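Undergrad: The structure under discussion is supplied below as structure tokens; questions concerning it will follow.
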Amino acid sequence: MQNETRSLWPHKDLLDVDQLSKDELLHLLDTAAQFHEINRRPVKKVPTLKGKSVILFFAEPSTRTKTSFDVAGKRLSADTFSLAKSGSSLQKGESLKDTALTLEAMNPDVLVIRHSSSGAARFLAERLACGVVNAGDGWHAHPTQALLDCYSLRQVWGDTFEGRTLCILGDIAHSRVARSNVKLLTSLGVRVRLCAPRTLLPAGVGNWPVEVFTDLDAAVRDADAVMCLRLQLERQQAGLLPDLREYSNRYCLTPRRLELAKPEARVLHPGPMNRGLEIASSIADAPASLVLDQVAAGVATRMAILFLLATRTDGGR
Amino acid sequence: MSDILFLRNARLLGTPVDLIARDGVIAAIGEHGTLDTPADATVHDAGGLILFPSFIDAHVHLREPGFEYKEDIASGLDAAAHGGFGAVMCMANTRPVNDDAAVTRHIIETALRHWPHGPRVYPVGAATVGLKGTELAPMAELAAAGCAAFSNDGAPVPDTEMFRRAVEYAADLGRVVIDHCEDPYLAKGAHMNEGATSGRVGVKGQPDVGEALHVARDILLADYLGLPIHLAHISCRRSVELIAWAKVRGVPVTAETCPHYLILDDTALENYDTNAKVNPPLRTPDDVAALREAVKSGVIDMFVTDHAPHAAHEKETPLDEAPNGISGLDTAVALTWGLVREGLLTEGDLVRLWNREPARVFGLPRNGFEPGDPADFFLFDPDEAWVVSRETMHSKSCNTPFLGHTLTGRVKAHWMDGRRIA
């Protein structure tokens with residue numbers, strides 16, 4: 001497996017999904033499936049990354065993603081260290097460059113970064129020798145989320161992504177989840193629809209390989225899956241929306257609306273959910289919901305990513 | 001060193017010439033081989049290099065007083081001298097702001113102390129106190145101290161009434177107001193142009209209509225008032241089309257653009273290159289094409305650099321934390337020479353865009369090649385290739401997206417008042 005891994009995994013960093021070839025993607029998903037099995041055992045720990053260190057540098061608030069990476073690292077026996085923005089020297093005015101160089105001087109094998117600036121993960125990857133995993137940079141990319149979404153859908157769809165229809169619903173303009181998912185799913189032949197009020201659609205979306213809707217009923221009709229995005233409440237304050245009640249009336253995924261999709265349609269949400277705002281509570285808890293499967297898939301997928309990055313150079317050492 | 005310079009075998013608009021400068025002015029110019037070498041002249045053989053009149057840059061930021069870690073007057077003028085510029089107009093967004101005659105005098109005196117023969121500095125005074133856009137600056141005092149124009153560059157005036165009064169008051173003093181055209185609401189929080197690239201890379205953009213809206217406002221005001229307004233660093237097709245319309249109607253507006261808007265588009269920010277972050281932002285290939293036509297046709301009157309130096313540590317950040325600005329004095333002439341090499345412009349166009357028009361619009365002393373003109377000129381090697389780097393730049397800062405690029409064409413010698421300054 002080691003030799004195969006090296007030949008299939010040439011990347012020092014994971015910055016976005018479009019750096020992955022189809023073969024690399026499948027290899028990553030297959031690796032995640034193996035780790036998923038570990039997560040179901042009574043003893044959920046393997047020594048694979050013993051002696052490796054993973055720094056979790058979350059310069060933006062996050063509980064779910066950070067915990068997911070933390071669990072993933074620990075289950076592989078890697079040492080994980082967390083650094084948040086509050087209480088760190090970043091808050092004292094240290095530049096991102098200096099924080100990064102300081103962390104690297106501690107010789108981690110992998111640095112996981114979450115940052116509010118688009119391009120922040122690339123900024124670090126260009127300057128650091130260790131592997132860098134983008135755990136979300138601004139509005140730009142969230143590759144591990146897209147990979148875990150893909151993993152979750154693969155559990156339902158198998159390897160037949162071609163010709164499926166997935167509707168992403170909500171604040172596309174400010175969503176790194178949407179950007180990475182559009183890239184990944186369209187590369188697998190999924191027909192992606194985006195649905196949002198025009199004020200929450202990105203500039204130039206007309207050139208994306210997607211269909212764009214502003215009407216929810218039309219967007220979900222005959223879809224194989226619907227992905228709801230979290231609405232950040234500050235969008236209303238920024239003048240992009242009249243009020244949350246109106247948003248909910250127009251864009252909340254309700255049981256009635258989900259009936260327009262295929263009977264077997266699944267629902268995804270990257271979390272955390274605003275129940276009743278972008279997704280009806282009954283849908284979040286319904287059998288069609290993959291929300292908790294996504295969480296489990298997140299751990300397995302991140303285990304695979306940490307494994308592939310941290311063992312990449314072993315052969316050369 | 002004698003006060004007589006004999007410059008032999010330079011090429012002026014294609015013609016080999018010899019030139020005699022005496023006591024700081026051009027005494028004689030004639031076809032190569034037709035002038036006798038004066039007895040006690042310093043002779044410089046130009047070896048067939050191109051002879052240009054010292055260029056004028058009507059839009060720079062010299063950063064002094066207040067931001068000397070980015071640039072100071074001495075280093076900015078060093079970049080100007082070696083870049084082919086004999087005159088620069090420096091914007092008022094220093095600390096303190098140049099809204100007080102004492103600041104104006106400080107700038108002019110500092111320049112003269114370091115560079116007594118030039119490059120010359122013509123400060124642009126603040127149009128409003130503190131660039132705040134709420135009270136008129138004491139423009140008469142500023143003009144008397146040496147301000148050549150007025151502007152709120154860097155902090156556009158959203159209050160059209162205030163802007164109108166600034167234009168009127170400045171006109172009484174024979175000064176033009178330079179407007180940084182930007183709708184502050186549409187541009188709020190933006191780090192690049194709004195368009196396909198910004199949507200893809202997930203960065204907040206500002207639409208070109210924000211610039212064009214204020215261009216339209218200024219054109220209508222200039223028409224209504226019958227007074228001149230100069231439009232700073234035009235970056236997009238929409239603005240160009242409005243300016244073309246205004247000029248057909250005889251509205252007294254003039255406009256400038258910068259080399260980077262003619263060469264780069266917003267895809268330069270695809271990898272979050274902070275050195276390509278500038279305001280107004282780099283636009284689209286279609287805007288680049290429109291601006292190229294506009295400088296050729298004269299719809300855009302002049303080139304400027306908008307030289308905006310920033311220290312290395314300020315630009316070595318994520319894109320949304322970096323300040324706007326490109327350091328331009330060192331590279332501008334070579335970049336625009338590239339447009340001559342491409343066949344878009346001629347040598348004569350460069351003289352028009354970099355010298356004749358800025359002198360006309362802002363009433364600066366003319367420097368051509370008539371006997372009696374100041375002996376301000378430089379020699380330019382049209383074929384020398386050089387790499388833009390920290391070492392080849394004279395500015396204190398090297399925040400340019402052209403870093404590492406090989407440019408063709410280089411300033412080889414520069415005289416002002418007949419004295420060698422670079």
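We label chains A, B, ... in the order they appear in the structure tokens, count residues from 1 in each chain, and number ligands from 1 in the order shown.
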Show me, as a list in words, the residues that have an atom within 9 Å of A:Phe35 when counting only C-alpha atoms, minus same-chain residues fewer than 3 positions from it.

TA: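 Skipping anything fewer than 3 positions along the chain leaves Asp30, Thr31, Ala32, Ile38, Asn39, Val299, Ala300, Thr301, Met303 and Ala304 of chain A.
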
Undergrad: Counting only C-alpha atoms, give me one row per residue of chain A with an atom at most 8 Å from an atom of chain B, showing the shortest contact pair and its distance in Å to one decimal, sorted by chain then residue number, as a Markdown table.

TA:
| residue | atom | partner | partner_atom | distance |
| --- | --- | --- | --- | --- |
| A:Ser95 | CA | B:Thr317 | CA | 7.4 |
| A:Leu96 | CA | B:Thr317 | CA | 6.8 |
| A:Lys97 | CA | B:Thr317 | CA | 7.0 |
| A:Ser117 | CA | B:Asp320 | CA | 6.3 |
| A:Ser118 | CA | B:Gly202 | CA | 6.2 |
| A:Gly119 | CA | B:Tyr272 | CA | 6.1 |
| A:Ala120 | CA | B:Pro318 | CA | 5.5 |
| A:Phe123 | CA | B:Pro318 | CA | 6.6 |
| A:Gly138 | CA | B:Gly202 | CA | 7.1 |
| A:Trp139 | CA | B:Gly202 | CA | 4.6 |
| A:His140 | CA | B:Gly202 | CA | 4.3 |
| A:Ala141 | CA | B:Gly202 | CA | 8.0 |
| A:Ala173 | CA | B:Gly199 | CA | 7.4 |
| A:His174 | CA | B:Gly202 | CA | 7.2 |
| A:Arg176 | CA | B:Gly202 | CA | 7.5 |
| A:Arg179 | CA | B:Arg200 | CA | 7.6 |
| A:Pro202 | CA | B:Gly199 | CA | 5.1 |
| A:Ala203 | CA | B:Gly199 | CA | 4.7 |
| A:Gly204 | CA | B:Ala196 | CA | 4.0 |
| A:Val205 | CA | B:Gly199 | CA | 7.0 |
| A:Asn207 | CA | B:Ala196 | CA | 7.3 |

Undergrad: I need the residues from that last selection saved to file as a short mmCIF file (atom, residue, chain, number, x, y, z; two decimals), in the first residue's frame (with C-alpha atoms), if you can.

TA:
data_model
loop_
_atom_site.label_atom_id
_atom_site.label_comp_id
_atom_site.auth_asym_id
_atom_site.auth_seq_id
_atom_site.Cartn_x
_atom_site.Cartn_y
_atom_site.Cartn_z
CA SER A 95 1.03 38.64 10.77
CA LEU A 96 -0.19 35.40 9.28
CA LYS A 97 3.28 34.88 7.85
CA SER A 117 -9.22 35.34 3.96
CA SER A 118 -9.68 33.70 0.57
CA GLY A 119 -6.26 32.45 -0.48
CA ALA A 120 -4.92 32.11 3.08
CA PHE A 123 -0.42 31.75 1.19
CA GLY A 138 -12.86 32.86 3.12
CA TRP A 139 -15.42 32.37 0.39
CA HIS A 140 -12.96 30.46 -1.73
CA ALA A 141 -12.73 26.76 -0.97
CA ALA A 173 -21.97 34.03 -3.18
CA HIS A 174 -20.27 33.77 0.19
CA ARG A 176 -16.68 28.13 0.04
CA ARG A 179 -17.53 26.63 -4.76
CA PRO A 202 -21.60 35.15 -7.11
CA ALA A 203 -20.40 37.53 -9.81
CA GLY A 204 -19.89 35.74 -13.09
CA VAL A 205 -21.96 32.69 -12.09
CA ASN A 207 -19.94 31.23 -16.71
#

Undergrad: So what do you get for atom CA of B:Tyr122 versus atom CA of B:Gly226, distance-wise?

TA: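 Pair atom CA of B:Tyr122 / atom CA of B:Gly226 returns 25.2 Å.
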
Undergrad: Per DSSP on the backbone, what are the strand (DSSP E or B) residues of stretch 105-149 of chain B, as a PyMOL selection string?

TA: chain B and resi 120-126+128+136+149

Undergrad: Between atom CA of B:Leu231 and atom CA of B:Val411, what is the distance in Å, rounded to a tenth?

TA: 28.5 Å

Undergrad: Nearest to B:Ala276: which of B:Thr346, B:Thr400, B:Asn367, B:Ser389 is it, counting only C-alpha atoms?

TA: B:Thr400

Undergrad: Determine the nearest neighbour of B:Thr392 from the options B:Ala74, B:Met89, B:Gly372, B:Leu329, counting only C-alpha atoms.

TA: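 Of all the options, B:Leu329 lies closest to B:Thr392.
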
Undergrad: One decimal, in Å: what's the spacing between atom CA of A:Arg235 and atom CA of A:Leu200?

TA: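 Pair atom CA of A:Arg235 / atom CA of A:Leu200 returns 8.6 Å.
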
Undergrad: If we count only C-alpha atoms and set the cut-off at 12 Å, which residues sit around A:Arg275, ignoring sequence neighbours fewer than 2 positions away in its own chain? Please answer as a PyMOL selection string.

TA: chain A and resi 228-231+248+252-254+269+271-273+277-285

Undergrad: As a ChimeraX atom specification, please: every residue in stretch 73-185 of chain A that DSSP puts in helix (DSSP H, G or I).

TA: /A:73-75,96-105,120-125,143-157,176-185

Undergrad: Using the selection just defined, write its residues with C-alpha atoms as a compact mmCIF listing (two decimals), in the first residue's frame.

TA:
# COMPACT_ATOMS: atom_id res chain seq x y z
CA GLY A 73 -5.84 12.75 13.72
CA LYS A 74 -6.21 11.07 17.08
CA ARG A 75 -7.76 7.93 15.62
CA LEU A 96 -0.19 35.40 9.28
CA LYS A 97 3.28 34.88 7.85
CA ASP A 98 4.94 35.07 11.25
CA THR A 99 2.37 32.86 12.93
CA ALA A 100 2.89 30.29 10.22
CA LEU A 101 6.69 30.40 10.41
CA THR A 102 6.48 30.03 14.17
CA LEU A 103 4.24 27.00 13.87
CA GLU A 104 6.46 25.45 11.26
CA ALA A 105 9.50 25.86 13.46
CA ALA A 120 -4.92 32.11 3.08
CA ALA A 121 -4.25 28.38 2.72
CA ARG A 122 -2.33 28.93 -0.50
CA PHE A 123 -0.42 31.75 1.19
CA LEU A 124 0.79 29.30 3.83
CA ALA A 125 1.39 26.43 1.44
CA PRO A 143 -12.16 20.94 -0.12
CA THR A 144 -12.59 18.54 2.79
CA GLN A 145 -16.28 19.45 3.02
CA ALA A 146 -16.78 18.79 -0.68
CA LEU A 147 -14.90 15.50 -0.37
CA LEU A 148 -16.99 14.36 2.55
CA ASP A 149 -20.17 15.38 0.71
CA CYS A 150 -18.97 13.36 -2.24
CA TYR A 151 -18.20 10.45 0.07
CA SER A 152 -21.69 10.64 1.59
CA LEU A 153 -23.33 10.72 -1.83
CA ARG A 154 -21.19 7.80 -2.97
CA GLN A 155 -22.58 5.75 -0.10
CA VAL A 156 -26.03 6.33 -1.57
CA TRP A 157 -25.33 6.52 -5.27
CA ARG A 176 -16.68 28.13 0.04
CA VAL A 177 -18.71 24.92 0.40
CA ALA A 178 -20.64 25.71 -2.76
CA ARG A 179 -17.53 26.63 -4.76
CA SER A 180 -15.68 23.43 -3.90
CA ASN A 181 -18.76 21.27 -4.41
CA VAL A 182 -19.48 22.78 -7.81
CA LYS A 183 -15.94 21.96 -8.93
CA LEU A 184 -15.92 18.45 -7.53
CA LEU A 185 -19.42 17.29 -8.45
